[in-house]
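*Asks:* One structure, as structure tokens, below. Some questions next.
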Amino acid sequence: MRQKETLLSPRHPLRQVVRARHEVAHVLEQHWQAVEKHAGINSWQLRTLGAIMRCRTAAMGGHVDACPDCGSLRISYNSCRNRHCPKCQGRKREEWIRAREAELLPVPYFHLVFTLPDALHPLALLQPKHVYDTLFEAAWETLLAFARDPKHLGARPGMVAVLHTWGQTLSLHPHLHCIVPGGGLSKSGRWKGARGKGRFLFPVKAMSLVFRAKYVEKLKERLPELDRSLVDALFHKQWVVYAKRPFAGPESVVEYLGR
């Protein structure tokens, strides 16, 4: 069940949005006993889910606001302030979006996505910090290698990257969304635009090969005990790097990543 609600936004004077009538907290409340007994949920995740379920309810306590003129009272329940809570992060999300939009330059931008193959999914669950830190580093160094090459650009690029660990079907799908300007700064500090008048950045097939090599190399440095069969499986997998210029402009990508 969904209901339509009209919201006013500083970036969109009048915007029609559709909000779900039932929230994540409602689902957690109805199935909390099963959540607590679930073998795949650790104690940290359980505390996070509990905070989301109790957020802005009587369980969190509250405060009373009184109008000195009319004497009317309004009871407000406290927020959990957990960084994963969809209720608490609305204001911070809008602040992040506005800050990133303010940083955008009047140049073409590209939306890049670096995706890890499914062979790494078990390791991502066991060693998430190593797997995801390596993803950030390998993606940046891949972009840097192509941008610094005079054959492709010959300049230092920039990048805003946001990690997504789950896909639309709520299955594990680690990938890195990146907003990359179509150009960079030369050694003299002057702007140098990408070739093709901003219609093309770097060859994605070549980027995919370099990204795979850099990722596996860095992961082996972090995890020297990495199983050889996993390394072989990673090199037999076809890695994918997506790089396209967004049709609706970089603001649409910033808005998407903000969500």
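Here's how to read the names in the structure tokens: chain A, B, ... by the order shown, residue numbers from 1 in each chain, ligand numbers from 1 in the order shown.
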Name the residues of range 7-244 of chain A that fall into strand (DSSP E) according to DSSP on the backbone, using the chain letters and numbers of this document, as a count of residues only.
*Replies:* 51
*Asks:* Could you give me, as a list in words, the residues within 9 Å of range 50-60 of chain A, counting only C-alpha atoms and dropping anything in the same chain fewer than 6 positions from it?
*Replies:*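 Returned residues: Val24, Ala25, His26, Val27, Leu28, Glu29, Trp32, Ser76, Tyr77, Asn78, Ser79, Cys80, Arg81, Asn82, His84, Cys85, Pro86, Lys87 and Cys88 of chain A.
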*Asks:* Could you write out that same residue set with all heavy atoms as a short mmCIF file (atom, residue, chain, number, x, y, z; two decimals), in the first residue's frame?
*Replies:*
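The resulting file, selection_24.cif, is reproduced below:
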data_model
loop_
_atom_site.label_atom_id
_atom_site.label_comp_id
_atom_site.auth_asym_id
_atom_site.auth_seq_id
_atom_site.Cartn_x
_atom_site.Cartn_y
_atom_site.Cartn_z
N VAL A 24 10.16 0.41 7.52
CA VAL A 24 11.02 -0.70 7.91
C VAL A 24 10.77 -1.06 9.37
O VAL A 24 10.77 -2.24 9.75
CB VAL A 24 12.50 -0.33 7.69
CG1 VAL A 24 13.42 -1.42 8.21
CG2 VAL A 24 12.77 -0.08 6.21
N ALA A 25 10.55 -0.03 10.20
CA ALA A 25 10.31 -0.27 11.63
C ALA A 25 9.08 -1.14 11.85
O ALA A 25 9.06 -1.98 12.76
CB ALA A 25 10.15 1.06 12.36
N HIS A 26 8.04 -0.96 11.02
CA HIS A 26 6.83 -1.77 11.16
C HIS A 26 7.12 -3.25 10.87
O HIS A 26 6.63 -4.14 11.56
CB HIS A 26 5.74 -1.26 10.21
CG HIS A 26 5.34 0.16 10.48
ND1 HIS A 26 4.85 1.00 9.51
CD2 HIS A 26 5.40 0.90 11.62
CE1 HIS A 26 4.61 2.19 10.04
NE2 HIS A 26 4.92 2.15 11.31
N VAL A 27 7.93 -3.49 9.83
CA VAL A 27 8.27 -4.87 9.47
C VAL A 27 9.09 -5.52 10.58
O VAL A 27 8.86 -6.67 10.97
CB VAL A 27 9.04 -4.90 8.14
CG1 VAL A 27 9.44 -6.33 7.78
CG2 VAL A 27 8.20 -4.29 7.02
N LEU A 28 10.06 -4.76 11.12
CA LEU A 28 10.89 -5.29 12.20
C LEU A 28 10.06 -5.61 13.44
O LEU A 28 10.27 -6.63 14.10
CB LEU A 28 11.99 -4.28 12.55
CG LEU A 28 13.09 -4.09 11.50
CD1 LEU A 28 13.99 -2.92 11.88
CD2 LEU A 28 13.91 -5.37 11.35
N GLU A 29 9.11 -4.74 13.75
CA GLU A 29 8.28 -4.94 14.94
C GLU A 29 7.44 -6.22 14.81
O GLU A 29 7.29 -6.97 15.77
CB GLU A 29 7.38 -3.73 15.14
CG GLU A 29 6.57 -3.77 16.42
CD GLU A 29 5.76 -2.52 16.62
OE1 GLU A 29 5.80 -1.63 15.75
OE2 GLU A 29 5.07 -2.42 17.65
N TRP A 32 10.08 -9.35 14.93
CA TRP A 32 11.26 -9.17 15.77
C TRP A 32 11.76 -10.48 16.38
O TRP A 32 12.96 -10.71 16.49
CB TRP A 32 10.99 -8.15 16.86
CG TRP A 32 12.23 -7.82 17.64
CD1 TRP A 32 12.49 -8.06 18.95
CD2 TRP A 32 13.41 -7.20 17.13
NE1 TRP A 32 13.75 -7.63 19.29
CE2 TRP A 32 14.34 -7.10 18.19
CE3 TRP A 32 13.78 -6.72 15.87
CZ2 TRP A 32 15.60 -6.54 18.03
CZ3 TRP A 32 15.04 -6.16 15.70
CH2 TRP A 32 15.94 -6.08 16.77
N SER A 76 6.92 14.91 21.31
CA SER A 76 7.81 14.41 20.27
C SER A 76 8.69 13.32 20.86
O SER A 76 9.29 13.51 21.92
CB SER A 76 8.69 15.54 19.70
OG SER A 76 7.90 16.56 19.14
N TYR A 77 8.76 12.20 20.17
CA TYR A 77 9.62 11.11 20.63
C TYR A 77 11.04 11.32 20.08
O TYR A 77 11.24 11.88 19.01
CB TYR A 77 9.08 9.76 20.17
CG TYR A 77 7.74 9.41 20.80
CD1 TYR A 77 6.62 9.13 20.02
CD2 TYR A 77 7.61 9.37 22.18
CE1 TYR A 77 5.40 8.81 20.60
CE2 TYR A 77 6.40 9.05 22.77
CZ TYR A 77 5.30 8.78 21.97
OH TYR A 77 4.09 8.47 22.55
N ASN A 78 12.01 10.83 20.82
CA ASN A 78 13.41 11.03 20.45
C ASN A 78 13.82 10.11 19.30
O ASN A 78 13.25 9.04 19.09
CB ASN A 78 14.31 10.75 21.65
CG ASN A 78 14.07 11.74 22.77
OD1 ASN A 78 13.68 12.88 22.53
ND2 ASN A 78 14.28 11.31 24.01
N SER A 79 14.83 10.55 18.58
CA SER A 79 15.37 9.76 17.46
C SER A 79 16.50 8.87 17.95
O SER A 79 17.16 9.17 18.96
CB SER A 79 15.90 10.70 16.37
OG SER A 79 14.87 11.55 15.90
N CYS A 80 16.75 7.80 17.22
CA CYS A 80 17.83 6.88 17.61
C CYS A 80 19.20 7.41 17.17
O CYS A 80 20.22 7.03 17.72
CB CYS A 80 17.59 5.50 17.00
SG CYS A 80 17.75 5.42 15.20
N ARG A 81 19.22 8.24 16.13
CA ARG A 81 20.44 8.85 15.59
C ARG A 81 21.42 7.82 15.05
O ARG A 81 22.61 8.11 14.90
CB ARG A 81 21.13 9.73 16.63
CG ARG A 81 20.28 10.92 17.07
CD ARG A 81 21.05 11.85 17.97
NE ARG A 81 20.22 12.99 18.38
CZ ARG A 81 20.64 13.98 19.15
NH1 ARG A 81 21.88 13.97 19.62
NH2 ARG A 81 19.84 14.97 19.46
N ASN A 82 20.94 6.65 14.75
CA ASN A 82 21.80 5.64 14.13
C ASN A 82 22.02 6.01 12.67
O ASN A 82 21.08 6.39 11.97
CB ASN A 82 21.15 4.26 14.25
CG ASN A 82 22.09 3.15 13.84
OD1 ASN A 82 22.40 2.97 12.67
ND2 ASN A 82 22.56 2.38 14.82
N HIS A 84 22.36 4.31 10.15
CA HIS A 84 21.67 3.45 9.19
C HIS A 84 20.16 3.68 9.18
O HIS A 84 19.46 3.10 8.34
CB HIS A 84 21.94 1.98 9.51
CG HIS A 84 23.39 1.61 9.44
ND1 HIS A 84 24.05 1.41 8.26
CD2 HIS A 84 24.31 1.42 10.42
CE1 HIS A 84 25.31 1.10 8.51
NE2 HIS A 84 25.49 1.10 9.81
N CYS A 85 19.66 4.51 10.08
CA CYS A 85 18.21 4.68 10.22
C CYS A 85 17.67 5.58 9.11
O CYS A 85 18.14 6.71 8.93
CB CYS A 85 17.89 5.29 11.59
SG CYS A 85 16.12 5.57 11.83
N PRO A 86 16.67 5.11 8.35
CA PRO A 86 16.12 5.94 7.27
C PRO A 86 15.41 7.19 7.78
O PRO A 86 15.28 8.17 7.05
CB PRO A 86 15.14 4.99 6.56
CG PRO A 86 14.81 3.94 7.57
CD PRO A 86 16.03 3.79 8.42
N LYS A 87 14.92 7.18 9.03
CA LYS A 87 14.25 8.36 9.57
C LYS A 87 15.25 9.44 9.96
O LYS A 87 14.99 10.64 9.79
CB LYS A 87 13.42 7.99 10.79
CG LYS A 87 12.21 7.13 10.50
CD LYS A 87 11.48 6.82 11.79
CE LYS A 87 10.28 5.92 11.55
NZ LYS A 87 9.60 5.57 12.82
N CYS A 88 16.37 9.05 10.52
CA CYS A 88 17.32 10.01 11.07
C CYS A 88 18.22 10.64 10.02
O CYS A 88 18.82 11.68 10.27
CB CYS A 88 18.19 9.35 12.13
SG CYS A 88 17.28 8.84 13.59
#
*Asks:* Any chance you could list, as JSON, numbers by chain, the residues in range 18-182 of chain A that come up alpha helix (DSSP H) when DSSP is run on the backbone?
*Replies:* {"A": [24, 25, 26, 27, 28, 29, 30, 32, 33, 34, 35, 36, 37, 43, 44, 45, 46, 47, 48, 49, 50, 51, 52, 53, 54, 90, 91, 92, 93, 94, 95, 96, 97, 98, 99, 100, 101, 102, 103, 121, 122, 123, 124, 125, 126, 128, 129, 130, 131, 132, 133, 134, 135, 136, 137, 138, 139, 140, 141, 142, 143, 144, 145, 146, 147, 148]}
*Asks:* With only C-alpha atoms as the counted atoms, please give the residues lying no more than 9 Å from Ala138 in chain A, apart from itself and same-chain residues fewer than 2 positions off, as a VMD selection string.
*Replies:* chain A and resid 133 to 136 140 to 143 210 to 216 218
*Asks:* Go ahead and save the residues from that selection, with C-alpha atoms, as a tab-separated table (two decimals), in the first residue's frame.
*Replies:*
chain	number	residue	atom	x	y	z
A	133	ASP	CA	38.75	-0.70	1.36
A	134	THR	CA	40.47	-2.52	-1.49
A	135	LEU	CA	37.55	-1.65	-3.79
A	136	PHE	CA	37.94	2.07	-3.12
A	140	TRP	CA	40.79	5.22	-7.70
A	141	GLU	CA	44.15	3.88	-8.88
A	142	THR	CA	42.55	2.51	-12.05
A	143	LEU	CA	41.03	5.89	-12.83
A	210	VAL	CA	43.37	-2.97	-15.06
A	211	PHE	CA	40.80	-2.79	-12.26
A	212	ARG	CA	40.86	-6.58	-11.83
A	213	ALA	CA	44.66	-6.71	-11.72
A	214	LYS	CA	44.93	-3.85	-9.22
A	215	TYR	CA	42.18	-5.21	-7.00
A	216	VAL	CA	43.60	-8.74	-6.75
A	218	LYS	CA	45.98	-5.14	-3.31
*Asks:* Using only C-alpha atoms, which residues sit within 10 Å of Asp65 in chain A once same-chain residues fewer than 6 positions away are excluded, as an mmCIF file with C-alpha atoms, in the first residue's frame?
*Replies:*
data_model
loop_
_atom_site.group_PDB
_atom_site.id
_atom_site.type_symbol
_atom_site.label_atom_id
_atom_site.label_comp_id
_atom_site.auth_asym_id
_atom_site.auth_seq_id
_atom_site.Cartn_x
_atom_site.Cartn_y
_atom_site.Cartn_z
ATOM 1 C CA GLY A 71 -0.726 26.804 25.622
ATOM 2 C CA SER A 72 -0.948 23.932 23.150
ATOM 3 C CA LEU A 73 1.307 20.951 23.773
ATOM 4 C CA ARG A 74 3.099 18.669 21.340
ATOM 5 C CA ILE A 75 4.794 15.420 22.354
ATOM 6 C CA SER A 76 7.809 14.410 20.266
#
*Asks:* Between A:Ala145, A:Leu219, A:Leu116, A:Val131, which is the closest to His175 in chain A once you count only C-alpha atoms?
*Replies:*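 Checking each of A:Ala145, A:Leu219, A:Leu116, A:Val131 against His175 in chain A, counting only C-alpha atoms, the winner is A:Leu116.
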